[in-house]
Every structure is written in C-alpha cells, then in structure tokens.
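Source file: model_26.cif. Holds: mmCIF, C-alpha atoms and all ligand atoms.
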```
data_input
loop_
_atom_site.group_PDB
_atom_site.id
_atom_site.type_symbol
_atom_site.label_atom_id
_atom_site.label_comp_id
_atom_site.auth_asym_id
_atom_site.auth_seq_id
_atom_site.Cartn_x
_atom_site.Cartn_y
_atom_site.Cartn_z
ATOM 1 C CA MET H 1 -63.468 35.011 69.910
ATOM 2 C CA PRO H 2 -60.108 34.250 68.325
ATOM 3 C CA LYS H 3 -58.116 31.393 69.781
ATOM 4 C CA HIS H 4 -54.358 31.469 70.179
ATOM 5 C CA GLU H 5 -52.018 28.690 71.068
ATOM 6 C CA PHE H 6 -48.781 29.256 72.996
ATOM 7 C CA SER H 7 -45.972 27.064 74.080
ATOM 8 C CA VAL H 8 -44.997 27.813 77.706
ATOM 9 C CA ASP H 9 -42.159 26.008 79.405
ATOM 10 C CA MET H 10 -44.086 24.909 82.499
ATOM 11 C CA THR H 11 -42.611 22.174 84.634
ATOM 12 C CA CYS H 12 -44.961 21.856 87.570
ATOM 13 C CA GLN H 13 -48.342 22.774 88.948
ATOM 14 C CA GLY H 14 -46.788 25.907 90.449
ATOM 15 C CA CYS H 15 -45.909 27.152 86.952
ATOM 16 C CA ALA H 16 -49.376 26.326 85.658
ATOM 17 C CA ASP H 17 -50.965 28.208 88.564
ATOM 18 C CA ALA H 18 -48.705 31.198 87.913
ATOM 19 C CA VAL H 19 -49.815 31.202 84.264
ATOM 20 C CA SER H 20 -53.476 31.180 85.251
ATOM 21 C CA ARG H 21 -52.965 34.008 87.728
ATOM 22 C CA VAL H 22 -51.291 36.337 85.229
ATOM 23 C CA LEU H 23 -53.979 35.580 82.636
ATOM 24 C CA ASN H 24 -56.787 36.173 85.123
ATOM 25 C CA LYS H 25 -55.119 39.425 86.142
ATOM 26 C CA LEU H 26 -55.144 40.548 82.499
ATOM 27 C CA GLY H 27 -58.819 39.624 82.195
ATOM 28 C CA GLY H 28 -60.956 39.093 79.106
ATOM 29 C CA VAL H 29 -59.529 35.647 78.513
ATOM 30 C CA GLU H 30 -60.688 32.075 78.559
ATOM 31 C CA PHE H 31 -57.938 29.557 78.598
ATOM 32 C CA ASN H 32 -56.927 25.982 78.863
ATOM 33 C CA ILE H 33 -53.577 24.905 80.282
ATOM 34 C CA ASP H 34 -52.055 21.669 79.114
ATOM 35 C CA LEU H 35 -49.213 21.108 81.574
ATOM 36 C CA PRO H 36 -47.865 17.782 80.199
ATOM 37 C CA ASN H 37 -47.592 19.227 76.676
ATOM 38 C CA LYS H 38 -46.498 22.672 77.908
ATOM 39 C CA LYS H 39 -49.207 24.386 75.910
ATOM 40 C CA VAL H 40 -51.655 27.138 76.733
ATOM 41 C CA CYS H 41 -54.677 27.762 74.542
ATOM 42 C CA ILE H 42 -56.260 31.193 75.015
ATOM 43 C CA GLU H 43 -59.558 32.477 73.688
ATOM 44 C CA SER H 44 -59.540 36.265 73.776
ATOM 45 C CA GLU H 45 -60.040 39.549 71.930
ATOM 46 C CA HIS H 46 -56.574 40.621 73.097
ATOM 47 C CA SER H 47 -53.865 40.564 70.415
ATOM 48 C CA SER H 48 -51.401 37.712 70.382
ATOM 49 C CA ASP H 49 -48.676 40.263 71.275
ATOM 50 C CA THR H 50 -50.537 41.323 74.410
ATOM 51 C CA LEU H 51 -51.071 37.695 75.377
ATOM 52 C CA LEU H 52 -47.416 36.908 74.734
ATOM 53 C CA ALA H 53 -46.281 39.864 76.864
ATOM 54 C CA THR H 54 -48.601 38.707 79.647
ATOM 55 C CA LEU H 55 -47.310 35.135 79.547
ATOM 56 C CA ASN H 56 -43.737 36.459 79.542
ATOM 57 C CA LYS H 57 -44.346 37.980 82.983
ATOM 58 C CA THR H 58 -44.148 34.500 84.472
ATOM 59 C CA GLY H 59 -40.449 34.393 83.563
ATOM 60 C CA LYS H 60 -40.939 31.129 81.669
ATOM 61 C CA ALA H 61 -39.807 30.570 78.091
ATOM 62 C CA VAL H 62 -42.851 31.401 75.964
ATOM 63 C CA SER H 63 -43.491 31.266 72.235
ATOM 64 C CA TYR H 64 -46.501 31.829 70.007
ATOM 65 C CA ILE H 65 -47.535 28.725 68.111
ATOM 66 C CA GLY H 66 -50.333 30.347 66.140
ATOM 67 C CA PRO H 67 -54.090 30.785 65.863
ATOM 68 C CA LYS H 68 -56.253 27.783 66.527
ATOM 69 C CA VAL B 1 -29.107 49.304 101.044
ATOM 70 C CA ASN B 2 -32.238 47.754 102.526
ATOM 71 C CA SER B 3 -33.461 44.235 103.020
ATOM 72 C CA VAL B 4 -36.988 42.842 103.008
ATOM 73 C CA THR B 5 -38.583 39.438 103.438
ATOM 74 C CA ILE B 6 -41.687 38.719 101.390
ATOM 75 C CA SER B 7 -43.962 35.704 101.844
ATOM 76 C CA ILE B 8 -44.739 33.805 98.649
ATOM 77 C CA GLU B 9 -47.560 31.335 98.124
ATOM 78 C CA GLY B 10 -47.836 28.971 95.181
ATOM 79 C CA MET B 11 -44.287 27.710 94.717
ATOM 80 C CA THR B 12 -44.211 23.952 94.441
ATOM 81 C CA CYS B 13 -40.686 23.064 93.395
ATOM 82 C CA ILE B 14 -37.136 24.232 92.867
ATOM 83 C CA SER B 15 -37.900 25.449 89.348
ATOM 84 C CA CYS B 16 -40.479 27.895 90.766
ATOM 85 C CA VAL B 17 -37.759 29.118 93.150
ATOM 86 C CA GLN B 18 -35.248 29.571 90.345
ATOM 87 C CA THR B 19 -37.728 31.358 88.104
ATOM 88 C CA ILE B 20 -38.441 33.922 90.815
ATOM 89 C CA GLU B 21 -34.765 34.350 91.700
ATOM 90 C CA GLN B 22 -33.814 34.884 88.045
ATOM 91 C CA GLN B 23 -36.670 37.229 87.236
ATOM 92 C CA ILE B 24 -36.499 39.401 90.362
ATOM 93 C CA GLY B 25 -32.699 39.269 90.315
ATOM 94 C CA LYS B 26 -32.869 41.156 86.998
ATOM 95 C CA VAL B 27 -34.947 43.987 88.456
ATOM 96 C CA ASN B 28 -33.182 47.345 88.576
ATOM 97 C CA GLY B 29 -31.954 48.071 92.100
ATOM 98 C CA VAL B 30 -32.040 44.467 93.313
ATOM 99 C CA TYR B 31 -28.624 43.374 94.550
ATOM 100 C CA HIS B 32 -29.472 39.939 95.843
ATOM 101 C CA ILE B 33 -32.455 37.633 96.224
ATOM 102 C CA LYS B 34 -32.727 34.353 98.075
ATOM 103 C CA VAL B 35 -35.943 32.377 97.778
ATOM 104 C CA SER B 36 -36.810 29.593 100.199
ATOM 105 C CA LEU B 37 -39.303 26.946 99.171
ATOM 106 C CA GLU B 38 -39.569 25.599 102.737
ATOM 107 C CA GLU B 39 -40.156 28.967 104.325
ATOM 108 C CA LYS B 40 -42.287 30.163 101.396
ATOM 109 C CA SER B 41 -40.459 33.453 101.317
ATOM 110 C CA ALA B 42 -37.958 35.611 99.511
ATOM 111 C CA THR B 43 -35.315 37.753 101.140
ATOM 112 C CA ILE B 44 -34.260 40.614 98.920
ATOM 113 C CA ILE B 45 -31.434 43.101 99.314
ATOM 114 C CA PHE B 46 -32.126 46.227 97.321
ATOM 115 C CA ASP B 47 -31.375 49.884 96.727
ATOM 116 C CA PRO B 48 -34.127 51.903 98.485
ATOM 117 C CA LYS B 49 -33.705 54.707 95.941
ATOM 118 C CA LEU B 50 -34.821 52.379 93.137
ATOM 119 C CA GLN B 51 -37.202 49.925 94.800
ATOM 120 C CA THR B 52 -39.462 49.703 97.834
ATOM 121 C CA PRO B 53 -40.800 46.593 99.606
ATOM 122 C CA LYS B 54 -44.116 47.341 97.905
ATOM 123 C CA THR B 55 -42.705 47.503 94.357
ATOM 124 C CA LEU B 56 -40.822 44.252 94.963
ATOM 125 C CA GLN B 57 -43.933 42.562 96.324
ATOM 126 C CA GLU B 58 -45.813 43.727 93.218
ATOM 127 C CA ALA B 59 -43.056 42.424 90.943
ATOM 128 C CA ILE B 60 -43.423 38.934 92.438
ATOM 129 C CA ASP B 61 -47.196 39.177 92.349
ATOM 130 C CA ASP B 62 -46.995 40.133 88.646
ATOM 131 C CA MET B 63 -45.187 36.874 87.957
ATOM 132 C CA GLY B 64 -48.259 34.992 89.131
ATOM 133 C CA PHE B 65 -47.324 34.167 92.695
ATOM 134 C CA ASP B 66 -49.198 35.346 95.760
ATOM 135 C CA ALA B 67 -46.792 37.703 97.512
ATOM 136 C CA LEU B 68 -47.380 39.216 100.938
ATOM 137 C CA LEU B 69 -45.477 41.844 102.879
ATOM 138 C CA HIS B 70 -45.129 41.583 106.643
ATOM 139 C CA ASN B 71 -44.659 44.539 108.880
HETATM 140 CU CU CU T 101 -43.044 25.025 88.074
HETATM 141 CU CU CU T 102 -42.345 24.520 90.621
#
```
How would this structure read if it were set down as structure tokens?
Amino acid sequence: MPKHEFSVDMTCQGCADAVSRVLNKLGGVEFNIDLPNKKVCIESEHSSDTLLATLNKTGKAVSYIGPK
Amino acid sequence: VNSVTISIEGMTCISCVQTIEQQIGKVNGVYHIKVSLEEKSATIIFDPKLQTPKTLQEAIDDMGFDALLHN
C-alpha cells in the first residue's frame, strides 16, 4: 500500500489521540504518529486528498509532505 | 436560540480547548461556544433552525474527541 507523510500541528497527546480517532473512523489506514516531530505517516489505498481532508477535520494545521 | 452542554473526553490541554472552540465556533448556526477543560464539557448557544444538539455532538465527535449528550 502507498505511504503518505503529513505534517500535522499537534501539540499534545490529546491532539495525537484526536488524529488517531479521525483516521480510525475513516478506516482502511495504518498509521504512525510522531508527536515530537508533528508528523503522521499513513499507509493506505485512500488518495492523499482524502487523507488530507480527514486530517483537516481535527482543526489542526495540516500539510502534505509527500509519498514515502 | 437554544443552549446545550456536551461532555467531551480526550482533551488534555488548553490547545485542545481552543481547537474545539475555533472549529465549532465556525459552524453555521453556532453563536457561542465555551469549552471547559476541568468540566470536560462544551456549552454551546445555537440557532435550533440550523443545528440540533445531535448535529453539534457529531461535529465534535468528527474532530476526534469523544462527545456525549446528556438528557
Ligand atoms: Cu493537543
Ligand atoms: Cu491538548
């Protein structure tokens, strides 16, 4: 499955938990959250646009870094 | 104009509070929102023609926080 890397402006464990909840709600994803570096790496068949829109739901500043 | 209090689980700091206030504050029909970290809740004043307690609870839930409505 393709891997995508995103930058998400997470500041605490609460943010990181919110990110995992929205991703789990979307489904079809495997992900790794790197809170200190504010990065989220997602392995999924979903498009990067869909993943970006999902991450945006958290209300955090999100940007697509690129495929990994 | 109606008002509702929604319980929220998963907030750990003031930035979580601000994120929810900003995001839900932008929702159409929401006039005011006050989130309390201590009480783990949000009090929202809204237009009942545009929102219901249920749609507001879902909006918070969609952000990745566990939101619960009380009766
Ligand atoms: Cu946070
Ligand atoms: Cu927080």
(request) Excluding Tyr64 (chain H) and any residue of its chain fewer than 3 positions from it, enumerate the residues within 8 Å of it, using only C-alpha atoms, and give them as number ranges by chain. (result) H: 4-7, 48, 52
I'd like the box whose edges run along x, y and z of the file and which contains every listed atom of region 54-64 of chain H, padded by 8 Å per side; could you state its centre and edge lengths in Å, one decimal, as AutoDock Vina command-line options?
```
--center_x -44.2 --center_y 34.6 --center_z 77.2 --size_x 24.8 --size_y 24.1 --size_z 30.5
```
Can you pull out every residue with an atom within 9 Å of ligand CU 102 (chain T)? Use all atoms listed in the file and format it as a compact mmCIF listing (two decimals) with C-alpha atoms, in the frame of the given file.
```txt
# COMPACT_ATOMS: atom_id res chain seq x y z
CA MET H 10 -44.09 24.91 82.50
CA THR H 11 -42.61 22.17 84.63
CA CYS H 12 -44.96 21.86 87.57
CA GLN H 13 -48.34 22.77 88.95
CA GLY H 14 -46.79 25.91 90.45
CA CYS H 15 -45.91 27.15 86.95
CA ALA H 16 -49.38 26.33 85.66
CA GLY B 10 -47.84 28.97 95.18
CA MET B 11 -44.29 27.71 94.72
CA THR B 12 -44.21 23.95 94.44
CA CYS B 13 -40.69 23.06 93.40
CA ILE B 14 -37.14 24.23 92.87
CA SER B 15 -37.90 25.45 89.35
CA CYS B 16 -40.48 27.90 90.77
CA VAL B 17 -37.76 29.12 93.15
CA GLN B 18 -35.25 29.57 90.34
CA THR B 19 -37.73 31.36 88.10
```
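Ranking H:Lys38, H:Met1, H:Glu45, H:Val29 by their shortest atom-to-atom distance to ligand CU 101 (chain T), with only C-alpha atoms and all ligand atoms included, puts H:Lys38 first.
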(message) Could you check which residues have any atom within 12 Å of (-65.0, 36.4, 77.6), counting only C-alpha atoms with coordinates taken straight from the file, and then list them as number ranges by chain?
(response) H: 1-3, 24, 26-31, 42-46
(request) Report the residues retrieved by the PyMOL selection byres (((chain B and resi 56) around 9) and not hetatm) from the displayed file, expressed as a list of chain:residue names. (result)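 Going through the file, the PyMOL selection byres (((chain B and resi 56) around 9) and not hetatm) ends up selecting B:Ile6, B:Ile24, B:Val27, B:Val30, B:Ile44, B:Gln51, B:Thr52, B:Pro53, B:Lys54, B:Thr55, B:Gln57, B:Glu58, B:Ala59, B:Ile60, B:Asp61.
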For the file shown, what are the residues hit by the PyMOL selection byres ((chain H) within 9 of (chain B)), laid out as a PDB file with C-alpha atoms, in the frame of the given file?
```pdb
ATOM      1  CA  THR H  11     -42.611  22.174  84.634  1.00  0.00           C
ATOM      2  CA  CYS H  12     -44.961  21.856  87.570  1.00  0.00           C
ATOM      3  CA  GLN H  13     -48.342  22.774  88.948  1.00  0.00           C
ATOM      4  CA  GLY H  14     -46.788  25.907  90.449  1.00  0.00           C
ATOM      5  CA  CYS H  15     -45.909  27.152  86.952  1.00  0.00           C
ATOM      6  CA  ASP H  17     -50.965  28.208  88.564  1.00  0.00           C
ATOM      7  CA  ALA H  18     -48.705  31.198  87.913  1.00  0.00           C
ATOM      8  CA  VAL H  19     -49.815  31.202  84.264  1.00  0.00           C
ATOM      9  CA  SER H  20     -53.476  31.180  85.251  1.00  0.00           C
ATOM     10  CA  ARG H  21     -52.965  34.008  87.728  1.00  0.00           C
ATOM     11  CA  VAL H  22     -51.291  36.337  85.229  1.00  0.00           C
ATOM     12  CA  LEU H  23     -53.979  35.580  82.636  1.00  0.00           C
ATOM     13  CA  LYS H  25     -55.119  39.425  86.142  1.00  0.00           C
ATOM     14  CA  LEU H  55     -47.310  35.135  79.547  1.00  0.00           C
ATOM     15  CA  ASN H  56     -43.737  36.459  79.542  1.00  0.00           C
ATOM     16  CA  LYS H  57     -44.346  37.980  82.983  1.00  0.00           C
ATOM     17  CA  THR H  58     -44.148  34.500  84.472  1.00  0.00           C
ATOM     18  CA  GLY H  59     -40.449  34.393  83.563  1.00  0.00           C
ATOM     19  CA  LYS H  60     -40.939  31.129  81.669  1.00  0.00           C
TER      20      LYS H  60
END
```
(message) Would you compute the distance between CA of Lys34 (chain B) and CA of Thr5 (chain B)? Give it in Å to one decimal.
(response)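 For CA of Lys34 (chain B) relative to CA of Thr5 (chain B), the distance reads 9.4 Å.
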(message) Ranking B:Leu37, B:Val4, B:Ile45, B:Leu68 by minimum distance to ligand CU 101 (chain T) and counting all atoms listed in the file, which one comes first?
(response)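 Distance minimum relative to ligand CU 101 (chain T) lands on B:Leu37.
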(request) Go ahead and compute the interatomic distance for CA of Glu38 (chain B) and CA of Asn2 (chain B), in Å to one decimal. (result) 23.3 Å
Give me the result of the PyMOL selection byres (((chain H and resi 61) around 6) and not hetatm) on this file, residue by residue, as a PDB file with C-alpha atoms, in the coordinates of the input.
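Below is the file selection.pdb, written as the result:
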```
ATOM      1  CA  VAL H   8     -44.997  27.813  77.706  1.00  0.00           C
ATOM      2  CA  ASP H   9     -42.159  26.008  79.405  1.00  0.00           C
ATOM      3  CA  LYS H  60     -40.939  31.129  81.669  1.00  0.00           C
ATOM      4  CA  VAL H  62     -42.851  31.401  75.964  1.00  0.00           C
TER       5      VAL H  62
END
```
(message) Rounded to one decimal, what separation in Å do you get between CA of Gly25 (chain B) and CA of Leu51 (chain H)?
(response)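 Rounded to one decimal, the two atoms are 23.7 Å apart.
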(request) Rank nothing, just name the residue among H:Leu35, H:Val40, H:Ala53, H:Ile65 nearest to ligand CU 101 (chain T), using only C-alpha atoms and all ligand atoms. (result)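 Using only C-alpha atoms and all ligand atoms, the shortest distance to ligand CU 101 (chain T) belongs to H:Leu35.
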(request) Tell me which of B:Leu69, B:Lys40, B:Ile33, B:Lys49 sits closest to Ile8 (chain B), counting only C-alpha atoms. (result)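 Of all the options, B:Lys40 lies closest to Ile8 (chain B).
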(request) Go through H:Pro36, H:Ser47, H:Gly66, H:Cys41 and flag the residue nearest ligand CU 101 (chain T), using only C-alpha atoms and all ligand atoms for the distances. (result) H:Pro36
Mind filling out region 39-59 of chain H with N, CA, C and O atoms and sending it as an mmCIF file, keeping the file's coordinate frame?
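For reference, rebuild-v7.cif as written:
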```cif
data_model
loop_
_atom_site.group_PDB
_atom_site.id
_atom_site.type_symbol
_atom_site.label_atom_id
_atom_site.label_comp_id
_atom_site.auth_asym_id
_atom_site.auth_seq_id
_atom_site.Cartn_x
_atom_site.Cartn_y
_atom_site.Cartn_z
ATOM 1 N N LYS H 39 -48.475 23.511 76.821
ATOM 2 C CA LYS H 39 -49.207 24.386 75.910
ATOM 3 C C LYS H 39 -50.324 25.120 76.646
ATOM 4 O O LYS H 39 -50.931 24.587 77.566
ATOM 5 N N VAL H 40 -50.558 26.361 76.185
ATOM 6 C CA VAL H 40 -51.655 27.138 76.733
ATOM 7 C C VAL H 40 -52.481 27.642 75.558
ATOM 8 O O VAL H 40 -51.951 28.248 74.626
ATOM 9 N N CYS H 41 -53.772 27.329 75.597
ATOM 10 C CA CYS H 41 -54.677 27.762 74.542
ATOM 11 C C CYS H 41 -55.561 28.859 75.116
ATOM 12 O O CYS H 41 -56.211 28.661 76.142
ATOM 13 N N ILE H 42 -55.538 30.039 74.475
ATOM 14 C CA ILE H 42 -56.260 31.193 75.015
ATOM 15 C C ILE H 42 -57.280 31.711 74.013
ATOM 16 O O ILE H 42 -56.962 31.957 72.845
ATOM 17 N N GLU H 43 -58.505 31.898 74.508
ATOM 18 C CA GLU H 43 -59.558 32.477 73.688
ATOM 19 C C GLU H 43 -59.755 33.902 74.191
ATOM 20 O O GLU H 43 -60.094 34.105 75.371
ATOM 21 N N SER H 44 -59.497 34.881 73.302
ATOM 22 C CA SER H 44 -59.540 36.265 73.776
ATOM 23 C C SER H 44 -59.574 37.243 72.623
ATOM 24 O O SER H 44 -59.136 36.947 71.510
ATOM 25 N N GLU H 45 -60.082 38.463 72.917
ATOM 26 C CA GLU H 45 -60.040 39.549 71.930
ATOM 27 C C GLU H 45 -58.697 40.283 72.001
ATOM 28 O O GLU H 45 -58.392 41.110 71.162
ATOM 29 N N HIS H 46 -57.898 39.998 73.015
ATOM 30 C CA HIS H 46 -56.574 40.621 73.097
ATOM 31 C C HIS H 46 -55.706 40.135 71.933
ATOM 32 O O HIS H 46 -55.869 39.008 71.467
ATOM 33 N N SER H 47 -54.760 40.968 71.494
ATOM 34 C CA SER H 47 -53.865 40.564 70.415
ATOM 35 C C SER H 47 -52.903 39.494 70.917
ATOM 36 O O SER H 47 -52.670 39.376 72.120
ATOM 37 N N SER H 48 -52.341 38.749 69.981
ATOM 38 C CA SER H 48 -51.401 37.712 70.382
ATOM 39 C C SER H 48 -50.167 38.339 71.048
ATOM 40 O O SER H 48 -49.558 37.744 71.930
ATOM 41 N N ASP H 49 -49.813 39.568 70.654
ATOM 42 C CA ASP H 49 -48.676 40.263 71.275
ATOM 43 C C ASP H 49 -48.945 40.564 72.748
ATOM 44 O O ASP H 49 -48.075 40.398 73.593
ATOM 45 N N THR H 50 -50.158 41.030 73.025
ATOM 46 C CA THR H 50 -50.537 41.323 74.410
ATOM 47 C C THR H 50 -50.508 40.043 75.233
ATOM 48 O O THR H 50 -49.996 40.019 76.358
ATOM 49 N N LEU H 51 -51.036 38.976 74.658
ATOM 50 C CA LEU H 51 -51.071 37.695 75.377
ATOM 51 C C LEU H 51 -49.656 37.185 75.615
ATOM 52 O O LEU H 51 -49.338 36.697 76.696
ATOM 53 N N LEU H 52 -48.803 37.349 74.612
ATOM 54 C CA LEU H 52 -47.416 36.908 74.734
ATOM 55 C C LEU H 52 -46.699 37.696 75.835
ATOM 56 O O LEU H 52 -46.007 37.124 76.681
ATOM 57 N N ALA H 53 -46.912 39.015 75.843
ATOM 58 C CA ALA H 53 -46.281 39.864 76.864
ATOM 59 C C ALA H 53 -46.762 39.466 78.255
ATOM 60 O O ALA H 53 -45.984 39.451 79.218
ATOM 61 N N THR H 54 -48.045 39.121 78.351
ATOM 62 C CA THR H 54 -48.601 38.707 79.647
ATOM 63 C C THR H 54 -47.979 37.391 80.100
ATOM 64 O O THR H 54 -47.564 37.255 81.259
ATOM 65 N N LEU H 55 -47.897 36.433 79.190
ATOM 66 C CA LEU H 55 -47.310 35.135 79.547
ATOM 67 C C LEU H 55 -45.830 35.285 79.911
ATOM 68 O O LEU H 55 -45.327 34.586 80.794
ATOM 69 N N ASN H 56 -45.148 36.232 79.261
ATOM 70 C CA ASN H 56 -43.737 36.459 79.542
ATOM 71 C C ASN H 56 -43.486 36.909 80.975
ATOM 72 O O ASN H 56 -42.392 36.715 81.498
ATOM 73 N N LYS H 57 -44.490 37.514 81.598
ATOM 74 C CA LYS H 57 -44.346 37.980 82.983
ATOM 75 C C LYS H 57 -44.027 36.846 83.947
ATOM 76 O O LYS H 57 -43.483 37.070 85.021
ATOM 77 N N THR H 58 -44.401 35.634 83.578
ATOM 78 C CA THR H 58 -44.148 34.500 84.472
ATOM 79 C C THR H 58 -42.660 34.161 84.533
ATOM 80 O O THR H 58 -42.235 33.419 85.413
ATOM 81 N N GLY H 59 -41.876 34.683 83.581
ATOM 82 C CA GLY H 59 -40.449 34.393 83.563
ATOM 83 C C GLY H 59 -40.117 33.064 82.896
ATOM 84 O O GLY H 59 -38.967 32.658 82.855
#
```
